[in-house]
>>> print(open('my_file03.txt').read())   # compact mmCIF, C-alpha atoms
# COMPACT_ATOMS: atom_id res chain seq x y z
CA MET A 1 17.88 -94.44 47.03
CA GLY A 2 17.22 -97.22 44.55
CA SER A 3 18.46 -97.18 40.95
CA PRO A 4 21.09 -94.59 39.99
CA HIS A 5 19.88 -91.06 39.34
CA GLU A 6 20.90 -89.75 35.95
CA LEU A 7 22.12 -86.64 37.74
CA LEU A 8 22.72 -86.12 41.44
CA VAL A 9 23.25 -82.59 42.72
CA VAL A 10 24.80 -82.15 46.15
CA GLY A 11 23.76 -78.75 47.48
CA ALA A 12 20.43 -76.95 47.09
CA GLY A 13 21.77 -73.41 47.00
CA PRO A 14 21.67 -71.18 43.89
CA ALA A 15 24.27 -73.17 41.90
CA GLY A 16 22.65 -76.52 42.72
CA MET A 17 19.15 -75.29 41.91
CA ALA A 18 20.31 -73.83 38.59
CA ALA A 19 22.05 -77.08 37.64
CA ALA A 20 19.05 -79.20 38.60
CA TRP A 21 16.62 -77.00 36.67
CA ARG A 22 18.65 -77.00 33.47
CA ALA A 23 19.28 -80.75 33.59
CA ALA A 24 15.65 -81.66 34.33
CA GLN A 25 14.46 -79.19 31.71
CA ASN A 26 16.42 -81.26 29.21
CA GLY A 27 15.03 -84.62 30.24
CA LEU A 28 17.36 -85.95 32.94
CA ARG A 29 16.06 -87.64 36.07
CA VAL A 30 17.51 -85.38 38.77
CA CYS A 31 17.86 -85.66 42.52
CA VAL A 32 19.11 -82.85 44.77
CA VAL A 33 20.34 -83.63 48.28
CA ASP A 34 21.07 -81.01 50.91
CA ASP A 35 21.70 -81.13 54.65
CA ASN A 36 19.46 -78.14 55.40
CA PRO A 37 15.77 -78.54 56.24
CA ALA A 38 14.75 -76.56 53.13
CA ALA A 39 16.24 -75.63 49.77
CA GLY A 40 17.95 -72.30 49.14
CA GLY A 41 21.31 -72.59 50.83
CA GLN A 42 22.59 -69.87 53.14
CA ILE A 43 21.94 -67.04 50.72
CA TRP A 44 18.31 -68.00 50.01
CA ARG A 45 17.50 -69.41 53.45
CA GLY A 46 13.89 -68.71 54.27
CA GLY A 47 12.85 -68.20 50.63
CA PRO A 48 13.33 -64.44 50.11
CA PRO A 49 11.30 -62.74 47.33
CA GLU A 50 14.28 -62.49 44.94
CA ALA A 51 14.66 -66.28 45.01
CA GLN A 52 11.06 -67.13 44.16
CA VAL A 53 11.66 -67.29 40.41
CA TRP A 54 14.16 -70.11 40.97
CA PHE A 55 11.91 -71.97 43.38
CA GLU A 56 9.17 -71.77 40.74
CA ARG A 57 11.56 -73.13 38.11
CA ILE A 58 12.40 -76.12 40.30
CA ARG A 59 8.71 -76.77 40.89
CA SER A 60 8.05 -76.61 37.15
CA VAL A 61 10.29 -79.60 36.37
CA ASP A 62 10.64 -83.15 37.67
CA VAL A 63 13.30 -82.77 40.35
CA GLU A 64 13.43 -84.81 43.54
CA VAL A 65 14.71 -82.67 46.42
CA VAL A 66 15.84 -84.50 49.56
CA ASN A 67 16.44 -82.18 52.51
CA GLY A 68 18.12 -83.13 55.75
CA ALA A 69 20.53 -85.49 53.98
CA ARG A 70 24.16 -85.02 55.01
CA VAL A 71 26.59 -86.58 52.52
CA PHE A 72 29.59 -87.77 54.52
CA GLU A 73 31.38 -90.48 52.53
CA GLN A 74 31.82 -92.20 49.16
CA LEU A 75 31.01 -95.91 49.37
CA CYS A 76 32.35 -96.59 45.87
CA PRO A 77 32.47 -94.68 42.56
CA GLY A 78 28.90 -93.66 41.76
CA THR A 79 27.59 -94.11 45.31
CA LEU A 80 27.60 -91.63 48.15
CA LEU A 81 26.48 -92.18 51.73
CA ALA A 82 24.18 -89.68 53.39
CA GLU A 83 22.92 -89.48 56.95
CA THR A 84 19.23 -88.64 57.33
CA THR A 85 16.82 -88.54 60.26
CA SER A 86 15.80 -92.10 59.39
CA GLY A 87 19.33 -93.46 59.08
CA VAL A 88 22.06 -93.86 56.47
CA CYS A 89 21.11 -94.17 52.81
CA GLU A 90 23.06 -94.91 49.66
CA VAL A 91 22.67 -92.27 46.93
CA ASN A 92 23.54 -93.65 43.49
CA TYR A 93 24.26 -91.55 40.42
CA LYS A 94 25.55 -91.60 36.86
CA SER A 95 26.63 -87.95 36.84
CA LEU A 96 27.24 -85.64 39.76
CA VAL A 97 27.24 -81.86 40.30
CA LEU A 98 29.03 -80.61 43.39
CA ALA A 99 27.41 -77.37 44.56
CA THR A 100 28.47 -77.47 48.19
CA GLY A 101 28.96 -73.71 48.50
CA ALA A 102 31.23 -71.94 50.94
CA ARG A 103 31.56 -71.08 54.60
CA GLU A 104 32.73 -68.01 56.47
CA ARG A 105 36.38 -67.56 57.27
CA PHE A 106 37.04 -66.85 60.94
CA LEU A 107 40.24 -65.31 62.27
CA PRO A 108 41.21 -65.60 65.93
CA PHE A 109 41.60 -62.59 68.21
CA PRO A 110 41.46 -62.23 72.00
CA GLY A 111 37.91 -62.88 73.18
CA TRP A 112 36.60 -64.40 69.96
CA THR A 113 35.42 -67.51 71.83
CA LEU A 114 33.04 -65.53 74.08
CA PRO A 115 29.32 -66.33 73.81
CA ASN A 116 27.53 -63.94 71.40
CA VAL A 117 30.62 -63.56 69.20
CA MET A 118 29.34 -65.20 66.03
CA GLY A 119 29.95 -65.46 62.34
CA ALA A 120 28.11 -62.77 60.39
CA GLY A 121 26.18 -65.32 58.37
CA GLY A 122 25.79 -67.48 61.45
CA LEU A 123 24.01 -64.75 63.41
CA GLN A 124 21.79 -64.03 60.41
CA ALA A 125 20.87 -67.71 60.16
CA LEU A 126 20.01 -67.88 63.86
CA VAL A 127 17.78 -64.83 63.61
CA LYS A 128 16.05 -66.37 60.60
CA THR A 129 15.27 -69.41 62.72
CA GLY A 130 13.92 -67.44 65.67
CA LEU A 131 16.71 -65.86 67.73
CA PRO A 132 15.29 -62.59 69.14
CA ILE A 133 17.41 -59.64 68.01
CA GLU A 134 15.08 -56.66 68.41
CA GLY A 135 16.73 -53.90 70.42
CA LYS A 136 20.05 -55.74 70.68
CA ARG A 137 23.24 -53.75 70.06
CA VAL A 138 25.20 -55.37 67.22
CA VAL A 139 28.62 -54.70 65.72
CA VAL A 140 29.13 -56.21 62.25
CA ALA A 141 32.81 -56.64 61.36
CA GLY A 142 35.24 -58.47 59.11
CA SER A 143 35.33 -58.32 55.34
CA GLY A 144 33.20 -58.83 52.26
CA PRO A 145 29.78 -57.89 50.85
CA LEU A 146 28.11 -60.27 53.29
CA LEU A 147 28.61 -57.67 56.02
CA LEU A 148 26.19 -55.26 54.34
CA ALA A 149 23.59 -57.96 53.70
CA VAL A 150 23.76 -59.17 57.31
CA ALA A 151 23.62 -55.67 58.75
CA ALA A 152 20.60 -54.76 56.63
CA TYR A 153 18.81 -57.97 57.57
CA LEU A 154 19.46 -57.56 61.29
CA ARG A 155 18.41 -53.93 61.22
CA GLY A 156 15.23 -54.91 59.41
CA ARG A 157 14.48 -57.28 62.30
CA GLY A 158 14.87 -54.53 64.87
CA ALA A 159 18.54 -54.80 65.83
CA ASN A 160 20.46 -51.66 66.75
CA VAL A 161 23.41 -51.97 64.36
CA LEU A 162 26.07 -49.76 65.93
CA LEU A 163 28.81 -50.07 63.32
CA ILE A 164 29.96 -51.92 60.21
CA ALA A 165 33.73 -52.39 60.35
CA GLU A 166 35.28 -53.42 57.00
CA GLN A 167 38.97 -54.26 57.05
CA ALA A 168 39.51 -53.44 53.36
CA PRO A 169 40.99 -49.99 52.67
CA SER A 170 38.85 -47.20 51.25
CA MET A 171 40.67 -47.01 47.88
CA GLN A 172 39.97 -50.66 47.14
CA LEU A 173 36.34 -50.22 48.15
CA ALA A 174 36.03 -47.23 45.82
CA ARG A 175 37.16 -49.32 42.83
CA PHE A 176 34.74 -52.04 43.89
CA ALA A 177 31.91 -49.51 44.03
CA VAL A 178 32.55 -48.63 40.39
CA GLY A 179 32.24 -52.31 39.51
CA LEU A 180 29.00 -52.52 41.46
CA PHE A 181 27.57 -49.56 39.55
CA ARG A 182 28.33 -51.23 36.23
CA LYS A 183 26.82 -54.45 37.51
CA ARG A 184 23.73 -52.70 38.94
CA SER A 185 24.17 -54.62 42.14
CA GLN A 186 21.70 -54.75 45.02
CA ALA A 187 24.51 -53.40 47.21
CA PHE A 188 23.31 -49.86 46.57
CA GLU A 189 19.91 -50.75 47.99
CA LEU A 190 21.62 -52.23 51.04
CA LYS A 191 23.63 -49.05 51.50
CA ARG A 192 20.40 -47.03 51.30
CA GLN A 193 18.86 -49.18 54.04
CA LEU A 194 21.96 -48.64 56.17
CA LYS A 195 22.52 -44.93 55.48
CA SER A 196 22.37 -44.00 59.19
CA VAL A 197 24.70 -46.82 60.28
CA PRO A 198 28.40 -45.85 60.55
CA TYR A 199 30.54 -47.70 57.98
CA ARG A 200 34.28 -47.68 58.64
CA SER A 201 36.76 -48.93 56.05
CA GLY A 202 40.24 -50.04 57.09
CA CYS A 203 38.72 -50.97 60.45
CA TRP A 204 38.61 -54.23 62.38
CA VAL A 205 37.91 -55.74 65.81
CA SER A 206 41.13 -56.35 67.72
CA GLU A 207 39.58 -57.73 70.92
CA ALA A 208 36.25 -58.81 72.38
CA HIS A 209 35.54 -58.20 76.07
CA GLY A 210 33.26 -59.83 78.61
CA THR A 211 33.07 -62.28 81.50
CA GLU A 212 30.29 -64.80 80.93
CA LYS A 213 29.34 -63.36 77.52
CA LEU A 214 30.24 -60.54 75.15
CA GLU A 215 30.01 -57.06 76.67
CA GLY A 216 31.99 -54.96 74.18
CA VAL A 217 34.75 -54.83 71.58
CA THR A 218 37.93 -52.91 70.88
CA LEU A 219 38.15 -51.55 67.35
CA ALA A 220 41.27 -50.59 65.44
CA ARG A 221 41.67 -48.18 62.54
CA GLY A 222 45.23 -47.29 61.75
CA GLU A 223 46.80 -46.15 65.03
CA LYS A 224 43.42 -45.34 66.59
CA ARG A 225 41.84 -47.67 69.16
CA TRP A 226 38.45 -47.33 70.84
CA GLN A 227 35.91 -49.46 72.67
CA LEU A 228 32.23 -50.00 71.95
CA GLU A 229 29.71 -51.74 74.18
CA CYS A 230 27.52 -54.29 72.37
CA ASP A 231 25.41 -57.41 72.84
CA TYR A 232 26.47 -59.27 69.68
CA LEU A 233 29.48 -59.25 67.39
CA ALA A 234 28.81 -60.63 63.89
CA CYS A 235 32.26 -61.20 62.45
CA GLY A 236 33.46 -63.00 59.32
CA PHE A 237 36.40 -62.51 56.96
CA HIS A 238 34.98 -63.30 53.51
CA LEU A 239 34.40 -66.92 52.46
CA VAL A 240 36.18 -70.27 52.03
CA PRO A 241 34.99 -72.83 49.41
CA ASN A 242 33.67 -76.16 50.74
CA VAL A 243 35.87 -78.56 48.77
CA GLU A 244 36.02 -81.52 51.16
CA LEU A 245 33.61 -83.72 49.19
CA ALA A 246 35.38 -82.90 45.92
CA GLU A 247 38.73 -83.87 47.45
CA LEU A 248 37.26 -87.09 48.83
CA LEU A 249 36.08 -88.01 45.32
CA GLY A 250 39.57 -87.39 43.92
CA CYS A 251 38.87 -84.06 42.16
CA GLU A 252 41.91 -81.84 41.80
CA VAL A 253 41.83 -78.79 44.04
CA VAL A 254 44.11 -75.83 43.31
CA SER A 255 44.56 -72.91 45.71
CA GLY A 256 41.56 -74.06 47.70
CA GLN A 257 39.22 -74.23 44.68
CA VAL A 258 37.94 -77.18 42.66
CA LYS A 259 39.64 -77.22 39.27
CA VAL A 260 37.14 -77.29 36.38
CA ASP A 261 37.30 -76.90 32.60
CA SER A 262 35.16 -74.59 30.49
CA PHE A 263 32.19 -76.95 30.88
CA GLN A 264 32.47 -77.07 34.72
CA GLN A 265 33.87 -80.61 34.45
CA THR A 266 36.24 -81.57 37.26
CA THR A 267 39.25 -83.83 36.80
CA VAL A 268 36.99 -86.81 37.64
CA SER A 269 34.82 -88.10 34.79
CA ASN A 270 31.11 -87.19 35.01
CA VAL A 271 31.66 -85.07 38.11
CA TYR A 272 31.00 -81.34 37.72
CA SER A 273 31.39 -78.46 40.14
CA ALA A 274 29.61 -75.11 40.21
CA GLY A 275 29.28 -72.09 42.45
CA GLU A 276 31.55 -71.09 45.29
CA THR A 277 33.39 -74.44 45.21
CA THR A 278 35.21 -73.23 42.10
CA GLY A 279 36.06 -69.86 43.66
CA ILE A 280 34.20 -67.15 45.55
CA GLY A 281 32.28 -65.14 42.96
CA GLY A 282 28.83 -64.25 44.23
CA LEU A 283 25.27 -65.17 43.38
CA ASP A 284 25.18 -64.41 39.65
CA LEU A 285 28.35 -66.39 38.91
CA SER A 286 27.03 -69.33 40.95
CA LEU A 287 23.80 -69.37 38.95
CA VAL A 288 25.41 -69.31 35.51
CA GLU A 289 27.99 -71.94 36.49
CA GLY A 290 25.17 -74.13 37.76
CA GLU A 291 23.25 -73.70 34.51
CA ILE A 292 26.31 -74.65 32.45
CA ALA A 293 26.95 -77.74 34.58
CA GLY A 294 23.33 -78.87 34.28
CA LEU A 295 23.26 -78.37 30.52
CA VAL A 296 26.52 -80.25 29.98
CA ALA A 297 25.36 -83.12 32.18
CA ALA A 298 22.32 -83.33 29.89
CA GLY A 299 24.56 -83.37 26.80
CA LYS A 300 23.61 -79.82 25.71
CA HIS A 301 27.10 -78.49 25.10
CA ASP A 302 26.05 -75.93 22.48
CA ALA A 303 23.46 -74.43 24.82
CA ALA A 304 26.10 -74.32 27.54
CA ARG A 305 28.51 -72.44 25.26
CA GLU A 306 25.90 -69.70 24.84
CA LEU A 307 26.37 -68.89 28.53
CA PHE A 308 30.16 -68.63 28.41
CA THR A 309 30.12 -64.87 27.75
CA VAL A 310 27.84 -64.28 30.73
CA ARG A 311 30.11 -66.38 32.89
CA ALA A 312 33.21 -64.51 31.72
CA THR A 313 31.61 -61.21 32.72
CA GLN A 314 30.71 -62.55 36.14
CA ARG A 315 34.22 -63.93 36.63
CA LYS A 316 35.70 -60.48 36.02
CA PHE A 317 33.48 -59.20 38.81
CA ALA A 318 34.57 -62.14 40.99
CA ASP A 319 38.22 -61.21 40.45
CA LEU A 320 37.43 -57.65 41.51
CA LEU A 321 35.55 -58.96 44.54
CA ASN A 322 38.47 -61.05 45.75
CA ARG A 323 41.06 -58.34 45.12
CA THR A 324 38.96 -55.81 47.03
CA PHE A 325 38.47 -57.95 50.10
CA ALA A 326 41.92 -59.52 50.29
CA LEU A 327 42.91 -59.72 53.95
CA ARG A 328 45.45 -57.21 55.22
CA GLY A 329 48.63 -58.35 56.92
CA GLU A 330 47.80 -56.66 60.23
CA LEU A 331 45.14 -59.29 60.87
CA LYS A 332 47.86 -61.92 61.26
CA HIS A 333 48.99 -60.23 64.46
CA LEU A 334 45.69 -59.93 66.33
CA SER A 335 46.18 -63.08 68.41
CA THR A 336 48.30 -63.29 71.53
CA PRO A 337 50.28 -66.48 72.23
CA GLN A 338 47.44 -67.67 74.49
CA THR A 339 44.64 -66.99 72.02
CA ILE A 340 42.80 -70.19 71.08
CA VAL A 341 42.95 -70.93 67.35
CA CYS A 342 41.37 -74.42 67.27
CA ARG A 343 38.21 -74.09 69.32
CA CYS A 344 37.31 -77.78 69.21
CA GLU A 345 40.58 -78.92 70.80
CA ASP A 346 41.55 -75.71 72.68
CA VAL A 347 44.82 -75.30 70.76
CA THR A 348 46.50 -71.94 71.24
CA LEU A 349 48.54 -69.90 68.79
CA GLU A 350 51.66 -70.51 70.87
CA ARG A 351 51.38 -74.29 70.46
CA LEU A 352 50.85 -74.02 66.71
CA GLN A 353 53.88 -71.76 66.26
CA ARG A 354 56.12 -74.64 67.30
CA HIS A 355 55.30 -76.54 64.09
CA ASN A 356 55.95 -76.01 60.40
CA SER A 357 53.01 -77.75 58.71
CA TRP A 358 49.34 -78.59 59.11
CA ARG A 359 50.21 -82.27 59.37
CA ALA A 360 52.74 -81.73 62.14
CA ALA A 361 50.35 -79.48 64.04
CA LYS A 362 47.55 -82.07 63.81
CA LEU A 363 49.80 -84.88 65.01
CA GLN A 364 51.14 -82.97 67.99
CA THR A 365 48.22 -80.75 69.03
CA ARG A 366 45.06 -82.32 67.47
CA CYS A 367 44.38 -78.99 65.73
CA GLY A 368 41.68 -79.63 63.12
CA MET A 369 40.70 -83.02 64.55
CA GLY A 370 37.61 -81.95 66.49
CA PRO A 371 33.94 -81.98 65.44
CA CYS A 372 34.36 -79.22 62.82
CA GLN A 373 37.19 -81.19 61.14
CA GLY A 374 39.19 -78.01 60.52
CA ARG A 375 36.36 -76.00 58.99
CA VAL A 376 36.89 -73.18 61.49
CA CYS A 377 40.60 -73.34 62.29
CA GLY A 378 41.58 -74.51 58.79
CA GLY A 379 40.87 -71.16 57.13
CA ALA A 380 42.62 -69.39 59.99
CA VAL A 381 45.86 -71.38 59.87
CA GLU A 382 45.92 -71.08 56.08
CA PHE A 383 45.93 -67.30 56.47
CA LEU A 384 48.24 -67.21 59.49
CA PHE A 385 50.82 -69.79 58.39
CA GLY A 386 50.08 -70.63 54.75
CA TRP A 387 49.18 -74.23 55.69
CA ARG A 388 46.74 -76.26 53.59
CA ALA A 389 45.06 -79.50 54.63
CA GLU A 390 47.10 -82.37 53.19
CA SER A 391 44.35 -84.99 53.13
CA VAL A 392 40.62 -85.42 53.57
CA ARG A 393 39.23 -88.52 55.21
CA PRO A 394 35.67 -89.66 55.81
CA PRO A 395 33.44 -88.73 57.46
CA ILE A 396 33.77 -85.26 55.95
CA LEU A 397 31.00 -83.96 58.24
CA PRO A 398 30.12 -84.91 61.81
CA VAL A 399 27.74 -87.87 61.89
CA LYS A 400 26.46 -90.28 64.51
CA ILE A 401 28.64 -93.23 65.49
CA ASP A 402 25.71 -95.41 64.51
CA SER A 403 25.91 -94.04 60.95
CA LEU A 404 29.56 -95.07 60.71
CA ILE A 405 28.83 -98.54 62.03
CA ARG A 406 25.88 -99.10 59.67
CA LYS A 407 27.56 -97.81 56.54
>>> encode(input="my_file03.txt", output="structure tokens")
Amino acid sequence: MGSPHELLVVGAGPAGMAAAWRAAQNGLRVCVVDDNPAAGGQIWRGGPPEAQVWFERIRSVDVEVVNGARVFEQLCPGTLLAETTSGVCEVNYKSLVLATGARERFLPFPGWTLPNVMGAGGLQALVKTGLPIEGKRVVVAGSGPLLLAVAAYLRGRGANVLLIAEQAPSMQLARFAVGLFRKRSQAFELKRQLKSVPYRSGCWVSEAHGTEKLEGVTLARGEKRWQLECDYLACGFHLVPNVELAELLGCEVVSGQVKVDSFQQTTVSNVYSAGETTGIGGLDLSLVEGEIAGLVAAGKHDAARELFTVRATQRKFADLLNRTFALRGELKHLSTPQTIVCRCEDVTLERLQRHNSWRAAKLQTRCGMGPCQGRVCGGAVEFLFGWRAESVRPPILPVKIDSLIRK
């Protein structure tokens, strides 16, 4: 894209938008690239009312936003390659903010590969883009605040939400509720919208049933088991940071999160990271981290320091969030030996149990080598076996063969 941008932001979600706004506000020439057709990321997909203030801020400054650009490789330091509808382009930069967000964690259980078993956020995204949901019976299950947001959205679009099954125990949820009250979170509004929908803590889906598509689920709560007929299962077990691009650039990643200093600087010079890439912490933490990264990239360190207290408060909430929704051990035993773990390559749990590392499993079974490049099975095997990906190689996202040839 021509001469180097003073600041390139990868990711147009809340963190990326906040970074771009702050940097442009302070005189930098900023470009934001994102692989979605419009800015906002998953959380602000479709431009909800609460996001309008940030869209207005981006429009008020000189920021170039390039949608439909999928960054898949680093050509050399300071140059990334992105696939667009018109081909591969080189994106040059002097400084870089990584705001690549997070994805849902999926855990395998019998029947989870049936049609209409979807990620919670995935089903929400499909409905936002036109999937008819009115009158459909939906079970929302897994873990994390996203379950409430998805259930409320689907119900608002006419879905018959039968149940919200949260695997976290009630005592942990009670402590989290106190934190929400102090934070004045929108979660209370979501609960109000869902007051007639059963909410079960310490509850999870143990099996999905159906022939050609989902017909029902088996739910577990302690020793109790029961079945529920449904048309859709929206199921996700909290979130996993998207750190593949950071790893490709040589940034240090610790415990699945990009390591940053107090100014959101990674271990690579002039490369910053903000939002869920540095740890799952929610919308408000993503915004303030993005603002700090944008200010520092513009050389406004004193202004960035003024936001440290806000960030510290949000990080305390993030710690509470992750303690509350930590996954229980029982979920490790949902799969049978024949349950598929790697959907791309049809690798079963039984085959993975013969190996002692991610590398060995990839070499012998091709687990993690399909189109998703381990984005689905990677989070599962990390939880099931404690394995972490040992290397990241380009392309970090699926692209056309032609894009690889023309790079």
>>> atom_distance(input="my_file03.txt", atom1="CA of Ala152 (chain A)", atom2="CA of Gly119 (chain A)")
15.3 Å
>>> residues_around(input="my_file03.txt", residues="Gly378 (chain A)", least_positions_apart="6", cutoff="9 Å", atoms="only C-alpha atoms", output="NGL selection string")
:A and (105 or 342 or 358 or 367-368 or 387-389)
>>> residues_around(input="my_file03.txt", residues="region 214-228 of chain A", least_positions_apart="5", cutoff="12 Å", atoms="only C-alpha atoms", output="PyMOL selection string")
chain A and resi 109-118+136-142+161-170+200-209+233-235+328+330-331+334
>>> residues_around(input="my_file03.txt", residues="Leu404 (chain A)", least_positions_apart="4", cutoff="10 Å", atoms="all atoms listed in the file", output="PyMOL selection string")
chain A and resi 72-73+81+83+88+394-395+399-400
>>> closest_residue(input="my_file03.txt", among="A:Ala12, A:Met171, A:Leu154, A:Met369", to="Leu126 (chain A)", atoms="only C-alpha atoms")
A:Leu154
>>> residues_around(input="my_file03.txt", residues="Ala298 (chain A)", least_positions_apart="2", cutoff="9 Å", atoms="all atoms listed in the file", output="list of chain:residue names")
A:Glu6, A:Leu7, A:Arg22, A:Ala23, A:Ala24, A:Asn26, A:Gly27, A:Leu28, A:Ala293, A:Gly294, A:Leu295, A:Val296, A:Lys300, A:His301
>>> closest_residue(input="my_file03.txt", among="A:Gly40, A:Gly68, A:Pro14, A:Pro132", to="Gly282 (chain A)", atoms="only C-alpha atoms")
A:Pro14
>>> atom_distance(input="my_file03.txt", atom1="CA of His5 (chain A)", atom2="CA of Arg29 (chain A)")
6.1 Å
>>> closest_residue(input="my_file03.txt", among="A:Ser286, A:His238, A:Lys94, A:Val258", to="Arg323 (chain A)", atoms="all atoms listed in the file")
A:His238
>>> closest_residue(input="my_file03.txt", among="A:Val65, A:Val381, A:Val9, A:Ala297", to="Arg359 (chain A)", atoms="only C-alpha atoms")
A:Val381
>>> atom_distance(input="my_file03.txt", atom1="CA of Ile340 (chain A)", atom2="CA of Leu107 (chain A)")
10.4 Å
>>> closest_residue(input="my_file03.txt", among="A:Thr324, A:Gln265, A:Gln314, A:Gln172", to="Leu287 (chain A)", atoms="all atoms listed in the file")
A:Gln314
>>> closest_residue(input="my_file03.txt", among="A:Gly374, A:Gly379, A:Gly41, A:Gly87", to="Ile396 (chain A)", atoms="all atoms listed in the file")
A:Gly374
